[in-house]
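Engineer: Have a look at the structure that comes next, please.
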Amino acid sequence: AIIAVLFAMIWREARRAAAIGEVAGGNEWPAMLNTGRATTWLAVGVLLLTIATPLAALVLSLHRHRSPVMVWNTFSPYAWGSLLVGVGTGGAGVVLAAAASVRRPRYMFAASLMVFLVGGQLLAIALMRIYNRDAAPLRWIYDSAGIVILAHIGRFAWVGLLAGGATWSAPWRTLREAAAVDGASAMQTGGRVIWPLGWALLVGAGALMMLMSMTEVPATVMLPRFPQSLTPLLMGWVHMHRYDDMIEGSLLLATTTIVLGGGSIALVRLGMRAVRKGGSI
């Protein structure tokens with residue numbers, strides 16, 4: 001219920017921002033989207049409370065202190081497994097976002113959001129019921145990383161669809177109308193107008209899906225573990241009381257996510273710059 005209320009508020013403000021942008025001439029950045037100083041400091045405080053404090057507590061809880069190189073050598077096979085699943089999910093996210101910028105995702109976005117709210121456990125059970133069969137194509141998916149990637153796409157497809165759907169509002173709408181007047185088809189408009197200008201937004205959505213998949217717990221733990229990734233391993237170590245291993249693996253996963261997240265933020269800022277300049281980066 002809380003998620004539904006917040007989503008309704010954000011959706012209303014987003015539509016209001018789009019309307020203001022159209023009234024202002026299509027390319028002018030709405031003043032209501034400028035972040036105030038108090039909001040900025042509040043966001044910094046939230047980040048310090050939710051990210052910096054737990055990471056510092058993890059470091060202080062370590063009983064042994066090894067170099068980052070030794071930690072990486074210990075956990076690198078599992079870290080590469082997490083990256084493999086994340087890259088597969090992120091690549092699918094970019095394709096989804098690009099496709100949604102060509103054909104507007106109306107009901108698909110709502111359906112994807114409902115799948116996300118259902119939860120990773122039920123989604124994982126449904127996928128096991130579908131793919132755990134003797135038929136060769138289904139068995140291949142079930143016994144590979146494909147089943148985990150499918151679960152993460154099902155969980156986070158709404159991110160890519162939302163990014164692609166954003167290219168149907170102002171100022172993108174003006175560009176689409178101009179392309180339509182010149183006789184461009186939907187695919188030509190997407191490939192020659194929207195993708196070259198909005199690639200940062202589309203790739204950023206894929207990167208966000210990648211990060212979310214790497215830290216997803218319920219579906220990842222329940223599904224077959226190929227390739228071996230960090231998340232199921234960390235959950236097992238918690239129950240086995242292997243606290244130093246769990247803390248080192250958690251710090252490695254958090255560091256990887258933060259570094260990749262910085263790239264996602266850079267892409268989002270690049271996309272916002274393109275919107276502020278009226279479509280030119």
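Here, A, B, ... name the chains of the structure tokens in the order displayed, residue numbers run from 1 inside each chain, and ligands are numbered from 1 in the same displayed order.
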If you run DSSP over the backbone, which residues in region 44-215 of chain A end up alpha helix (DSSP H)? Put them as a PyMOL selection string.
Structural biologist: chain A and resi 44-47+53-61+68-100+107-118+120-131+136-142+146-166+172-181+186-189+195-214
Engineer: Name all residues at most 7 Å from Tyr78 (chain A) (count only C-alpha atoms; drop same-chain ones fewer than 4 positions away) and give them as a count of residues only.
Structural biologist: 4
Engineer: Do you know which residues are at most 12 Å from Asn132 (chain A) counting only C-alpha atoms, after dropping those on the same chain fewer than 2 positions away, and could you put them as a PyMOL selection string?
Structural biologist: chain A and resi 124-130+134-144+147+223-224
Engineer: Would you put the residues from that selection into a file with C-alpha atoms, as a PDB file, in the first residue's frame?
Structural biologist:
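As written to disk, result26.pdb reads:
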```
ATOM      1  CA  ALA A 124      11.184 -18.254  -8.462  1.00  0.00           C
ATOM      2  CA  ILE A 125       8.616 -20.982  -7.671  1.00  0.00           C
ATOM      3  CA  ALA A 126       6.712 -20.175 -10.871  1.00  0.00           C
ATOM      4  CA  LEU A 127       9.885 -20.369 -12.971  1.00  0.00           C
ATOM      5  CA  MET A 128      10.865 -23.705 -11.427  1.00  0.00           C
ATOM      6  CA  ARG A 129       7.403 -25.096 -12.194  1.00  0.00           C
ATOM      7  CA  ILE A 130       7.756 -23.982 -15.821  1.00  0.00           C
ATOM      8  CA  ASP A 134      12.826 -33.055 -19.245  1.00  0.00           C
ATOM      9  CA  ALA A 135      12.362 -31.167 -22.518  1.00  0.00           C
ATOM     10  CA  ALA A 136      15.783 -30.145 -23.841  1.00  0.00           C
ATOM     11  CA  PRO A 137      15.297 -26.363 -24.252  1.00  0.00           C
ATOM     12  CA  LEU A 138      13.574 -26.016 -20.884  1.00  0.00           C
ATOM     13  CA  ARG A 139      16.146 -28.209 -19.110  1.00  0.00           C
ATOM     14  CA  TRP A 140      19.004 -26.208 -20.618  1.00  0.00           C
ATOM     15  CA  ILE A 141      17.547 -22.971 -19.254  1.00  0.00           C
ATOM     16  CA  TYR A 142      16.908 -24.540 -15.857  1.00  0.00           C
ATOM     17  CA  ASP A 143      20.455 -25.928 -15.547  1.00  0.00           C
ATOM     18  CA  SER A 144      22.199 -22.686 -16.546  1.00  0.00           C
ATOM     19  CA  ILE A 147      16.822 -19.321 -15.113  1.00  0.00           C
ATOM     20  CA  LEU A 223      16.804 -20.955  -7.840  1.00  0.00           C
ATOM     21  CA  PRO A 224      19.543 -23.377  -9.015  1.00  0.00           C
TER      22      PRO A 224
END
```
Engineer: Region 128-173 of chain A near region 103-114 of chain A within 10 Å: what's each residue's closest atom pair and its distance in Å to one decimal, counting only C-alpha atoms, ordered by chain then ascending residue number, as a tab-separated table?
Structural biologist:
```
residue	atom	partner	partner_atom	distance
A:Ile153	CA	A:Ser112	CA	9.3
A:Gly154	CA	A:Ser112	CA	6.9
A:Arg155	CA	A:Ser112	CA	7.4
A:Phe156	CA	A:Ser112	CA	7.6
A:Ala157	CA	A:Ser112	CA	6.1
A:Trp158	CA	A:Ser112	CA	5.3
A:Val159	CA	A:Phe109	CA	8.8
A:Gly160	CA	A:Phe109	CA	9.1
A:Leu161	CA	A:Phe109	CA	6.0
A:Leu162	CA	A:Phe109	CA	7.0
A:Gly164	CA	A:Arg104	CA	7.7
A:Gly165	CA	A:Arg104	CA	6.1
A:Ala166	CA	A:Arg104	CA	9.4
A:Thr167	CA	A:Arg104	CA	9.0
A:Trp168	CA	A:Arg104	CA	7.3
```
Engineer: Selection from above, N, CA, C and O atoms, as a PDB file, in the first residue's frame, can you write it?
Structural biologist:
```pdb
ATOM      1  N   ILE A 153      14.989 -10.521 -14.764  1.00  0.00           N
ATOM      2  CA  ILE A 153      14.276  -9.729 -15.764  1.00  0.00           C
ATOM      3  C   ILE A 153      12.815  -9.572 -15.342  1.00  0.00           C
ATOM      4  O   ILE A 153      12.229  -8.491 -15.449  1.00  0.00           O
ATOM      5  N   GLY A 154      12.216 -10.674 -14.872  1.00  0.00           N
ATOM      6  CA  GLY A 154      10.841 -10.593 -14.406  1.00  0.00           C
ATOM      7  C   GLY A 154      10.674  -9.637 -13.237  1.00  0.00           C
ATOM      8  O   GLY A 154       9.665  -8.938 -13.129  1.00  0.00           O
ATOM      9  N   ARG A 155      11.677  -9.589 -12.363  1.00  0.00           N
ATOM     10  CA  ARG A 155      11.592  -8.712 -11.193  1.00  0.00           C
ATOM     11  C   ARG A 155      11.775  -7.243 -11.544  1.00  0.00           C
ATOM     12  O   ARG A 155      11.112  -6.369 -10.978  1.00  0.00           O
ATOM     13  N   PHE A 156      12.704  -6.953 -12.461  1.00  0.00           N
ATOM     14  CA  PHE A 156      13.133  -5.565 -12.649  1.00  0.00           C
ATOM     15  C   PHE A 156      12.898  -5.034 -14.056  1.00  0.00           C
ATOM     16  O   PHE A 156      13.436  -3.982 -14.408  1.00  0.00           O
ATOM     17  N   ALA A 157      12.096  -5.716 -14.861  1.00  0.00           N
ATOM     18  CA  ALA A 157      11.831  -5.230 -16.225  1.00  0.00           C
ATOM     19  C   ALA A 157      11.173  -3.861 -16.213  1.00  0.00           C
ATOM     20  O   ALA A 157      11.332  -3.078 -17.160  1.00  0.00           O
ATOM     21  N   TRP A 158      10.451  -3.536 -15.142  1.00  0.00           N
ATOM     22  CA  TRP A 158       9.762  -2.250 -15.077  1.00  0.00           C
ATOM     23  C   TRP A 158      10.740  -1.078 -15.152  1.00  0.00           C
ATOM     24  O   TRP A 158      10.366   0.017 -15.608  1.00  0.00           O
ATOM     25  N   VAL A 159      11.991  -1.299 -14.748  1.00  0.00           N
ATOM     26  CA  VAL A 159      12.976  -0.212 -14.814  1.00  0.00           C
ATOM     27  C   VAL A 159      13.263   0.153 -16.272  1.00  0.00           C
ATOM     28  O   VAL A 159      13.237   1.323 -16.662  1.00  0.00           O
ATOM     29  N   GLY A 160      13.542  -0.866 -17.096  1.00  0.00           N
ATOM     30  CA  GLY A 160      13.786  -0.617 -18.507  1.00  0.00           C
ATOM     31  C   GLY A 160      12.572  -0.062 -19.218  1.00  0.00           C
ATOM     32  O   GLY A 160      12.688   0.847 -20.057  1.00  0.00           O
ATOM     33  N   LEU A 161      11.393  -0.606 -18.892  1.00  0.00           N
ATOM     34  CA  LEU A 161      10.170  -0.112 -19.520  1.00  0.00           C
ATOM     35  C   LEU A 161       9.884   1.335 -19.117  1.00  0.00           C
ATOM     36  O   LEU A 161       9.404   2.137 -19.926  1.00  0.00           O
ATOM     37  N   LEU A 162      10.187   1.676 -17.874  1.00  0.00           N
ATOM     38  CA  LEU A 162       9.980   3.048 -17.413  1.00  0.00           C
ATOM     39  C   LEU A 162      10.917   4.011 -18.136  1.00  0.00           C
ATOM     40  O   LEU A 162      10.515   5.110 -18.532  1.00  0.00           O
ATOM     41  N   GLY A 164      12.314   3.564 -21.145  1.00  0.00           N
ATOM     42  CA  GLY A 164      11.859   3.706 -22.520  1.00  0.00           C
ATOM     43  C   GLY A 164      10.586   4.525 -22.622  1.00  0.00           C
ATOM     44  O   GLY A 164      10.415   5.328 -23.548  1.00  0.00           O
ATOM     45  N   GLY A 165       9.678   4.335 -21.660  1.00  0.00           N
ATOM     46  CA  GLY A 165       8.438   5.109 -21.665  1.00  0.00           C
ATOM     47  C   GLY A 165       8.662   6.586 -21.445  1.00  0.00           C
ATOM     48  O   GLY A 165       7.861   7.417 -21.886  1.00  0.00           O
ATOM     49  N   ALA A 166       9.765   6.948 -20.750  1.00  0.00           N
ATOM     50  CA  ALA A 166      10.046   8.367 -20.508  1.00  0.00           C
ATOM     51  C   ALA A 166      10.336   9.119 -21.797  1.00  0.00           C
ATOM     52  O   ALA A 166      10.179  10.340 -21.851  1.00  0.00           O
ATOM     53  N   THR A 167      10.767   8.397 -22.849  1.00  0.00           N
ATOM     54  CA  THR A 167      11.081   9.071 -24.112  1.00  0.00           C
ATOM     55  C   THR A 167       9.831   9.424 -24.912  1.00  0.00           C
ATOM     56  O   THR A 167       9.947   9.929 -26.037  1.00  0.00           O
ATOM     57  N   TRP A 168       8.647   9.141 -24.349  1.00  0.00           N
ATOM     58  CA  TRP A 168       7.405   9.523 -25.017  1.00  0.00           C
ATOM     59  C   TRP A 168       6.827  10.821 -24.453  1.00  0.00           C
ATOM     60  O   TRP A 168       5.760  11.258 -24.863  1.00  0.00           O
TER      61      TRP A 168
END
```
Engineer: How many Å lie between CA of Gly206 (chain A) and CA of Ala43 (chain A), rounded to one decimal?
Structural biologist: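 Taking CA of Gly206 (chain A) as the start and CA of Ala43 (chain A) as the end point, the length is 23.4 Å.
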Engineer: Of the residues A:Pro77, A:Gly119, A:Pro171, A:Gly271, which is the one nearest to Val217 (chain A), using only C-alpha atoms?
Structural biologist: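 Looking only at the distances to Val217 (chain A), the closest residue turns out to be A:Gly119.
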